[in-house]
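Student: Contents of target-v5.cif (mmCIF, C-alpha atoms and all ligand atoms):
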data_input
#
loop_
_atom_site.label_atom_id
_atom_site.label_comp_id
_atom_site.auth_asym_id
_atom_site.auth_seq_id
_atom_site.Cartn_x
_atom_site.Cartn_y
_atom_site.Cartn_z
CA MET A 6 11.27 7.42 -21.95
CA PRO A 7 10.28 7.09 -18.26
CA GLU A 8 8.36 3.93 -17.42
CA MET A 9 4.94 5.51 -16.65
CA THR A 10 4.80 8.33 -19.23
CA ASN A 11 1.25 9.20 -20.34
CA ARG A 12 -0.23 6.91 -17.71
CA VAL A 13 -2.71 7.92 -15.00
CA ALA A 14 -2.23 6.47 -11.54
CA VAL A 15 -4.27 6.57 -8.32
CA VAL A 16 -2.57 6.09 -4.96
CA THR A 17 -4.67 5.70 -1.81
CA GLY A 18 -3.28 6.67 1.57
CA ALA A 19 -1.07 9.04 -0.41
CA ALA A 20 -0.69 11.81 2.17
CA SER A 21 2.20 10.12 3.97
CA GLY A 22 4.45 7.09 4.28
CA ILE A 23 4.45 4.35 1.65
CA GLY A 24 1.64 5.89 -0.43
CA LEU A 25 3.41 9.24 -0.66
CA ALA A 26 6.64 7.48 -1.61
CA THR A 27 4.86 5.56 -4.39
CA ALA A 28 3.28 8.78 -5.65
CA LEU A 29 6.72 10.44 -5.79
CA ALA A 30 8.19 7.49 -7.69
CA LEU A 31 5.24 7.42 -10.13
CA ALA A 32 5.58 11.16 -10.79
CA ARG A 33 9.32 10.75 -11.41
CA GLU A 34 8.45 8.00 -13.92
CA GLY A 35 6.17 10.40 -15.80
CA ALA A 36 2.69 9.45 -14.55
CA ALA A 37 -0.15 11.84 -13.80
CA VAL A 38 -0.97 10.98 -10.19
CA ALA A 39 -4.16 11.26 -8.15
CA LEU A 40 -3.43 11.40 -4.42
CA LEU A 41 -6.38 9.97 -2.49
CA SER A 42 -6.38 10.17 1.29
CA ARG A 43 -8.63 11.07 4.20
CA PRO A 44 -10.16 14.52 3.78
CA ASP A 45 -8.36 15.84 6.89
CA ASP A 46 -4.90 14.60 5.74
CA ASP A 47 -2.29 17.08 4.52
CA LEU A 48 -3.04 16.50 0.86
CA ALA A 49 -1.91 20.02 -0.11
CA GLY A 50 1.55 19.34 1.36
CA ALA A 51 1.75 16.00 -0.44
CA GLN A 52 0.64 17.61 -3.70
CA GLU A 53 3.33 20.29 -3.45
CA LEU A 54 5.98 17.64 -2.87
CA VAL A 55 4.86 15.33 -5.68
CA GLN A 56 4.48 18.21 -8.14
CA ARG A 57 8.19 18.99 -7.70
CA HIS A 58 8.91 15.58 -9.24
CA GLY A 59 6.43 15.71 -12.11
CA GLY A 60 2.80 16.33 -12.84
CA PRO A 61 -0.07 16.78 -13.15
CA VAL A 62 -1.11 15.91 -9.59
CA LEU A 63 -4.72 15.81 -8.40
CA THR A 64 -5.76 15.51 -4.75
CA VAL A 65 -8.95 13.77 -3.68
CA GLY A 66 -10.12 13.69 -0.07
CA ALA A 67 -12.04 10.46 0.54
CA ASP A 68 -12.38 7.77 3.19
CA VAL A 69 -11.73 4.40 1.52
CA GLY A 70 -14.14 2.81 3.98
CA ASN A 71 -17.00 4.71 2.32
CA SER A 72 -17.88 2.98 -0.94
CA ALA A 73 -19.84 5.94 -2.35
CA ALA A 74 -16.90 8.26 -1.70
CA VAL A 75 -14.53 5.81 -3.41
CA ARG A 76 -16.77 5.57 -6.47
CA ALA A 77 -17.05 9.38 -6.69
CA ALA A 78 -13.27 9.70 -6.30
CA PHE A 79 -12.58 7.34 -9.22
CA ASP A 80 -15.13 9.15 -11.41
CA ARG A 81 -13.51 12.49 -10.56
CA VAL A 82 -10.01 11.22 -11.39
CA GLU A 83 -11.21 9.89 -14.75
CA SER A 84 -12.92 13.14 -15.64
CA GLU A 85 -9.98 15.36 -14.54
CA LEU A 86 -6.89 13.27 -15.39
CA GLY A 87 -8.22 10.77 -17.92
CA PRO A 88 -8.49 6.96 -18.03
CA ILE A 89 -6.87 5.29 -15.02
CA ASP A 90 -4.09 2.80 -15.87
CA ALA A 91 -2.58 2.03 -12.47
CA VAL A 92 -3.83 1.88 -8.88
CA HIS A 93 -1.86 1.50 -5.67
CA ASN A 94 -4.53 0.35 -3.21
CA ASN A 95 -2.58 1.23 -0.11
CA ALA A 96 -4.57 3.12 2.56
CA GLY A 97 -4.50 1.28 5.83
CA ILE A 98 -4.29 1.61 9.58
CA SER A 99 -2.62 -0.43 12.28
CA ILE A 100 -4.00 -1.02 15.75
CA VAL A 101 -1.88 -2.97 18.24
CA SER A 102 -4.05 -4.72 20.81
CA PRO A 103 -3.91 -8.00 22.74
CA LEU A 104 -6.55 -10.41 21.42
CA THR A 105 -8.77 -10.44 24.52
CA GLU A 106 -8.68 -6.64 24.76
CA THR A 107 -9.64 -6.13 21.11
CA THR A 108 -13.17 -4.78 21.23
CA ASP A 109 -15.76 -5.23 18.49
CA GLU A 110 -15.31 -1.53 17.71
CA LEU A 111 -11.53 -1.85 17.24
CA PHE A 112 -11.96 -4.92 15.06
CA ASP A 113 -14.67 -3.22 12.98
CA THR A 114 -12.49 -0.12 12.53
CA LEU A 115 -9.62 -2.21 11.18
CA VAL A 116 -11.88 -4.22 8.90
CA ARG A 117 -13.64 -1.08 7.62
CA THR A 118 -10.41 0.59 6.44
CA ASN A 119 -8.03 -2.25 5.67
CA LEU A 120 -10.38 -4.82 4.22
CA ALA A 121 -13.62 -3.12 3.12
CA GLY A 122 -11.60 -0.08 1.98
CA SER A 123 -9.21 -2.23 -0.07
CA PHE A 124 -12.17 -4.09 -1.56
CA TYR A 125 -14.00 -0.90 -2.55
CA VAL A 126 -10.87 0.53 -4.21
CA LEU A 127 -10.17 -2.76 -5.99
CA ARG A 128 -13.77 -2.91 -7.24
CA GLU A 129 -13.72 0.66 -8.56
CA ALA A 130 -10.34 0.10 -10.21
CA ALA A 131 -11.75 -2.95 -12.02
CA ARG A 132 -14.90 -1.03 -12.99
CA VAL A 133 -12.98 1.74 -14.75
CA MET A 134 -10.31 -0.54 -16.26
CA GLN A 135 -12.55 -3.29 -17.68
CA PRO A 136 -13.99 -1.27 -20.60
CA ARG A 137 -10.42 -0.55 -21.80
CA ARG A 138 -9.25 -4.11 -21.13
CA SER A 139 -6.00 -3.00 -19.50
CA GLY A 140 -4.61 -1.87 -16.17
CA ALA A 141 -2.52 -2.84 -13.17
CA ILE A 142 -3.42 -2.83 -9.48
CA VAL A 143 -1.16 -3.31 -6.47
CA ASN A 144 -2.70 -3.91 -3.04
CA THR A 145 -0.65 -3.20 0.06
CA ALA A 146 -0.68 -6.21 2.36
CA SER A 147 2.15 -6.67 4.88
CA GLU A 148 4.84 -9.06 6.02
CA LEU A 149 2.20 -9.74 8.71
CA ALA A 150 0.03 -11.32 6.02
CA ILE A 151 2.65 -14.09 5.96
CA MET A 152 3.87 -14.35 9.55
CA GLY A 153 2.23 -13.77 12.91
CA GLN A 154 3.02 -11.26 15.63
CA ALA A 155 1.59 -10.85 19.13
CA GLY A 156 -0.76 -7.88 19.38
CA TYR A 157 -1.70 -7.96 15.71
CA VAL A 158 -4.40 -10.65 15.47
CA ALA A 159 -7.04 -8.31 13.99
CA TYR A 160 -4.55 -6.46 11.77
CA THR A 161 -3.13 -9.70 10.35
CA ALA A 162 -6.64 -10.97 9.63
CA THR A 163 -7.21 -7.98 7.35
CA LYS A 164 -3.81 -8.28 5.67
CA GLY A 165 -4.05 -12.04 5.06
CA ALA A 166 -7.43 -11.42 3.45
CA ILE A 167 -5.84 -8.93 1.06
CA LEU A 168 -3.56 -11.67 -0.30
CA ALA A 169 -6.56 -13.96 -0.83
CA MET A 170 -8.53 -11.16 -2.49
CA THR A 171 -5.56 -10.38 -4.76
CA ARG A 172 -5.39 -13.96 -6.06
CA SER A 173 -9.12 -14.18 -6.87
CA ALA A 174 -9.22 -10.72 -8.44
CA ALA A 175 -6.20 -11.62 -10.58
CA ALA A 176 -7.94 -14.81 -11.72
CA GLU A 177 -11.11 -12.90 -12.60
CA LEU A 178 -9.48 -9.89 -14.26
CA ALA A 179 -6.71 -11.60 -16.25
CA SER A 180 -8.95 -12.08 -19.27
CA TRP A 181 -9.74 -8.35 -19.12
CA GLY A 182 -6.03 -7.55 -19.47
CA ILE A 183 -5.81 -6.34 -15.86
CA ARG A 184 -3.02 -7.52 -13.54
CA VAL A 185 -3.50 -7.61 -9.75
CA ASN A 186 -0.67 -8.14 -7.26
CA SER A 187 0.19 -7.32 -3.66
CA VAL A 188 3.23 -5.85 -2.02
CA CYS A 189 4.16 -7.10 1.45
CA PRO A 190 6.28 -4.43 3.12
CA GLY A 191 8.39 -5.21 6.13
CA THR A 192 8.73 -2.60 8.85
CA THR A 193 9.04 0.73 7.11
CA LYS A 194 9.96 4.13 8.55
CA THR A 195 6.56 5.82 8.19
CA PRO A 196 4.38 7.84 10.57
CA MET A 197 2.27 4.68 11.16
CA PHE A 198 5.22 2.57 12.22
CA LEU A 199 6.87 5.28 14.31
CA ALA A 200 3.56 5.92 16.14
CA GLU A 201 3.74 2.37 17.48
CA PHE A 202 6.71 3.52 19.60
CA ASP A 203 4.68 6.25 21.35
CA GLY A 204 4.82 5.60 25.06
CA VAL A 205 7.67 3.06 24.76
CA ALA A 206 10.33 3.76 27.41
CA ASP A 207 13.35 3.46 25.11
CA PRO A 208 12.23 3.86 21.48
CA GLU A 209 15.81 3.82 20.12
CA ALA A 210 16.48 0.44 21.76
CA GLU A 211 13.15 -0.92 20.47
CA LEU A 212 13.98 0.28 16.96
CA ALA A 213 17.40 -1.38 17.16
CA ASP A 214 15.76 -4.64 18.35
CA ASN A 215 13.33 -4.45 15.46
CA ALA A 216 16.13 -3.92 12.93
CA ALA A 217 18.13 -6.80 14.43
CA SER A 218 15.37 -9.25 13.48
CA VAL A 219 15.76 -8.32 9.80
CA ALA A 220 18.41 -10.15 7.74
CA MET A 221 19.51 -6.81 6.32
CA HIS A 222 19.66 -5.40 9.86
CA ARG A 223 17.68 -2.26 9.10
CA ILE A 224 14.10 -1.20 8.52
CA ALA A 225 12.92 0.04 5.13
CA GLU A 226 12.72 3.55 3.80
CA PRO A 227 9.27 4.26 2.28
CA SER A 228 10.93 4.89 -1.11
CA GLU A 229 12.18 1.27 -1.15
CA ILE A 230 8.58 0.03 -1.00
CA GLY A 231 7.41 2.64 -3.52
CA GLU A 232 9.96 1.38 -6.07
CA ALA A 233 8.69 -2.21 -5.68
CA VAL A 234 5.12 -0.98 -6.26
CA VAL A 235 6.07 1.00 -9.37
CA PHE A 236 7.78 -2.11 -10.77
CA LEU A 237 4.59 -4.17 -10.30
CA LEU A 238 2.48 -1.40 -11.86
CA SER A 239 4.81 -1.00 -14.84
CA HIS A 240 5.00 -2.93 -18.11
CA ARG A 241 8.21 -4.49 -16.80
CA ALA A 242 5.95 -6.75 -14.71
CA SER A 243 3.78 -7.65 -17.72
CA TYR A 244 3.69 -11.40 -16.94
CA ILE A 245 3.23 -11.07 -13.17
CA THR A 246 -0.25 -11.37 -11.67
CA GLY A 247 -1.95 -12.96 -8.67
CA THR A 248 1.12 -12.94 -6.50
CA HIS A 249 2.88 -10.84 -3.86
CA LEU A 250 6.25 -9.18 -3.77
CA THR A 251 7.76 -9.25 -0.30
CA ALA A 252 9.95 -6.22 0.41
CA ASP A 253 11.03 -6.96 3.97
CA GLY A 254 14.84 -7.01 4.01
CA GLY A 255 14.64 -10.80 4.29
CA ARG A 256 12.72 -10.92 7.58
CA THR A 257 10.16 -13.55 6.57
CA THR A 258 12.62 -15.81 4.77
CA CYS A 259 16.07 -15.52 6.39
CA VAL A 260 17.43 -15.98 9.89
CA PRO A 261 19.70 -12.97 10.51
CA ALA A 262 23.39 -13.89 10.63
CA GLY A 263 24.49 -14.21 14.26
CA SER A 264 26.25 -16.47 16.68
CA ILE A 265 25.05 -19.75 15.07
CA GLY A 266 26.22 -20.40 11.52
CA VAL A 267 28.36 -17.80 9.76
CA SER A 268 28.50 -14.62 11.82
CA ALA A 269 27.55 -11.17 10.55
CA GLN A 270 30.26 -9.30 8.66
P1 LIG A 301 0.87 6.03 7.14
O1 LIG A 301 -0.03 6.19 8.30
O2 LIG A 301 2.14 6.78 7.06
O3 LIG A 301 0.07 6.32 5.78
C1 LIG A 301 -1.21 5.81 5.57
C2 LIG A 301 -2.05 6.88 4.93
O4 LIG A 301 -3.35 6.32 4.68
C3 LIG A 301 -2.25 8.09 5.83
O5 LIG A 301 -2.11 9.26 5.05
C4 LIG A 301 -3.67 7.91 6.32
O6 LIG A 301 -4.32 9.10 6.69
C5 LIG A 301 -4.32 7.25 5.11
N1 LIG A 301 -5.54 6.57 5.48
C6 LIG A 301 -5.75 5.81 6.58
N2 LIG A 301 -7.01 5.40 6.61
C7 LIG A 301 -7.62 5.90 5.51
C8 LIG A 301 -8.92 5.84 5.02
N3 LIG A 301 -9.90 5.17 5.67
N4 LIG A 301 -9.21 6.46 3.85
C9 LIG A 301 -8.26 7.14 3.18
N5 LIG A 301 -6.99 7.25 3.63
C10 LIG A 301 -6.68 6.64 4.78
O7 LIG A 301 1.12 4.46 7.04
P2 LIG A 301 2.09 3.58 6.12
O8 LIG A 301 3.04 2.92 7.04
O9 LIG A 301 2.57 4.32 4.97
O10 LIG A 301 1.05 2.46 5.66
C11 LIG A 301 0.61 2.31 4.33
C12 LIG A 301 0.18 0.88 4.15
O11 LIG A 301 1.30 0.03 4.34
C13 LIG A 301 -0.89 0.40 5.12
O12 LIG A 301 -1.84 -0.40 4.43
C14 LIG A 301 -0.12 -0.43 6.12
O13 LIG A 301 -0.92 -1.42 6.72
C15 LIG A 301 0.96 -1.02 5.22
N6 LIG A 301 2.14 -1.50 5.90
C16 LIG A 301 2.96 -0.63 6.59
C17 LIG A 301 4.09 -1.10 7.22
C18 LIG A 301 5.03 -0.22 7.99
O14 LIG A 301 5.92 -0.72 8.70
N7 LIG A 301 4.91 1.10 7.90
C19 LIG A 301 4.47 -2.53 7.15
C20 LIG A 301 3.55 -3.33 6.37
C21 LIG A 301 2.44 -2.82 5.78
#
Could you write out this file's structure as structure tokens?
Tutor:
Amino acid sequence: MPEMTNRVAVVTGAASGIGLATALALAREGAAVALLSRPDDDLAGAQELVQRHGGPVLTVGADVGNSAAVRAAFDRVESELGPIDAVHNNAGISIVSPLTETTDELFDTLVRTNLAGSFYVLREAARVMQPRRSGAIVNTASELAIMGQAGYVAYTATKGAILAMTRSAAAELASWGIRVNSVCPGTTKTPMFLAEFDGVADPEAELADNAASVAMHRIAEPSEIGEAVVFLLSHRASYITGTHLTADGGRTTCVPAGSIGVSAQ
């Protein structure tokens, strides 16, 4: 029997990229999936795609930075799909900006979506799961929660906080039978990542440079992150909580093979 049969899952930021890939993987594993994304996202397109792999699929337009909208979204999913078992708390944005040029408004925008939004979704997930004393939550952090990069001071602040939040939530919710983990994706071929190359003179060369800094010498496909998330949400990860799974092709832990040491094959 597929891993997520008869389970109800919510994925935020599900209209594209990593969230959409997780939703596809969950549907293939038999889950009923609620796709939550901004109201102006192409949720109908995402729904059509996910439905081809399984069902039922519900779409919910909501801004995760609006706590009332998040609460209403969770209530709607429970009333239309049933009790929620699994949540991929994934919606996020990236803004690249040198530290001294990062305005209060830019910082607040990042914090509103990436940190407050992740908190609101985590809180609602706990609220609906606690009465049933079971559930699994995966928060999307980033490889940039673990290592630094110029231009990402504000972004990394939000992603590092997600790891801290994950640990405390896991500590608090363990006795309720709820597991909480994070996934730390490396660079992944999504609309968000590709948008960072807008205006770059030679995007192909930049992409090649980026891949060269990864031990596996390539960037991730969204489906490769989605599979890691489904593992953490599934019963196969039944003794894993309060930690993060880094899916970054080895970037944060390995020096790519090159001229020093054993050369690349
Ligand atoms: P994406 O832009 O393709 O997808 C993100 C989705 O979230 C979009 O559909 C977007 O409209 C939605 N969204 C954004 N703000 C929202 C809000 N306030 N409320 C509801 N929905 C909202 O981006 P991608 O790359 O799939 O990113 C997903 C997550 O993965 C983000 O948290 C991002 O920080 C993280 N990440 C991405 C990496 C990459 O290289 N693509 C690397 C590491 C982490």
Student: Taking into account only C-alpha atoms and all ligand atoms, which residue in the set A:Phe236, A:Phe124, A:Tyr160, A:Phe79 is nearest to ligand LIG 301 (chain A)?
Tutor: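 Smallest separation from ligand LIG 301 (chain A) among the options: A:Tyr160.
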Student: In Å, rounded to a single decimal, give me how far CA of Leu127 (chain A) is from CA of Val234 (chain A).
Tutor: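 If I compute the distance from CA of Val234 (chain A) to CA of Leu127 (chain A), I get 15.4 Å.
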Student: With 8 Å on each side, where is the centre of the axis-aligned box around all listed atoms of ligand LIG 301 (chain A), and how long are its edges in Å to one decimal, as lines of an AutoDock Vina configuration file?
Tutor:
center_x = -2.0
center_y = 3.0
center_z = 5.9
size_x = 31.8
size_y = 28.6
size_z = 21.5
Student: In file coordinates, which residues lie within 9 Å of (-6.0, 15.7, -15.2) using all atoms listed in the file, given as a list in words?
Tutor: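 Those residues, ordered by chain and then number, are Val13, Ala37, Val38, Ala39, Pro61, Val62, Leu63, Val82, Glu83, Ser84, Glu85, Leu86 and Gly87 of chain A.
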Student: Determine the nearest neighbour of ligand LIG 301 (chain A) from the options A:Leu31, A:Ala200, A:Leu54, A:Ala19, counting only C-alpha atoms and all ligand atoms.
Tutor: A:Ala19
Student: Within 7 Å of ligand LIG 301 (chain A), counting all atoms listed in the file: which residues, as number ranges by chain?
Tutor: A: 17-24, 41-43, 46, 67-70, 95-99, 118-119, 122, 145-149, 189-198
Student: For Val126 (chain A), which of A:Val75, A:Ala28, A:Ile265, A:Ala213 is the closest residue, counting all atoms listed in the file?
Tutor: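 Going through A:Val75, A:Ala28, A:Ile265, A:Ala213 one by one, the smallest distance to Val126 (chain A) is for A:Val75.
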Student: For Gly59 (chain A), which of A:Ala74, A:Val260, A:Ala30, A:Val101 is the closest residue, counting all atoms listed in the file?
Tutor: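 Among the listed residues, A:Ala30 lies closest to Gly59 (chain A).
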Student: Can you measure CA of Leu120 (chain A) to CA of Val235 (chain A) for me? One decimal in Å is fine.
Tutor: 22.1 Å
Student: Between CA of Gln154 (chain A) and CA of Val185 (chain A), measure the distance and give it in Å to one decimal.
Tutor: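 Answer for the CA of Gln154 (chain A) to CA of Val185 (chain A) separation: 26.5 Å.
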Student: Do you know which residues are at most 12 Å from Glu177 (chain A) counting only C-alpha atoms, after dropping those on the same chain fewer than 5 positions away, and could you put them as a compact mmCIF listing (two decimals) with C-alpha atoms, in the coordinates of the input?
Tutor:
# COMPACT_ATOMS: atom_id res chain seq x y z
CA ARG A 128 -13.77 -2.91 -7.24
CA ALA A 131 -11.75 -2.95 -12.02
CA GLN A 135 -12.55 -3.29 -17.68
CA MET A 170 -8.53 -11.16 -2.49
CA THR A 171 -5.56 -10.38 -4.76
CA ARG A 172 -5.39 -13.96 -6.06
CA GLY A 182 -6.03 -7.55 -19.47
CA ILE A 183 -5.81 -6.34 -15.86
CA ARG A 184 -3.02 -7.52 -13.54
CA VAL A 185 -3.50 -7.61 -9.75
CA THR A 246 -0.25 -11.37 -11.67
CA GLY A 247 -1.95 -12.96 -8.67
Student: Compare A:Ser243, A:Asn94, A:Thr257, A:Thr114 by their minimum atom-to-atom distance to Ala159 (chain A), counting only C-alpha atoms, and give me the closest one.
Tutor: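 Of A:Ser243, A:Asn94, A:Thr257, A:Thr114, the one nearest Ala159 (chain A) is A:Thr114, counting only C-alpha atoms.
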Student: A:Ile224, A:Val267, A:Ile245, A:Ile230: which is nearest Ala175 (chain A), counting all atoms listed in the file?
Tutor: A:Ile245
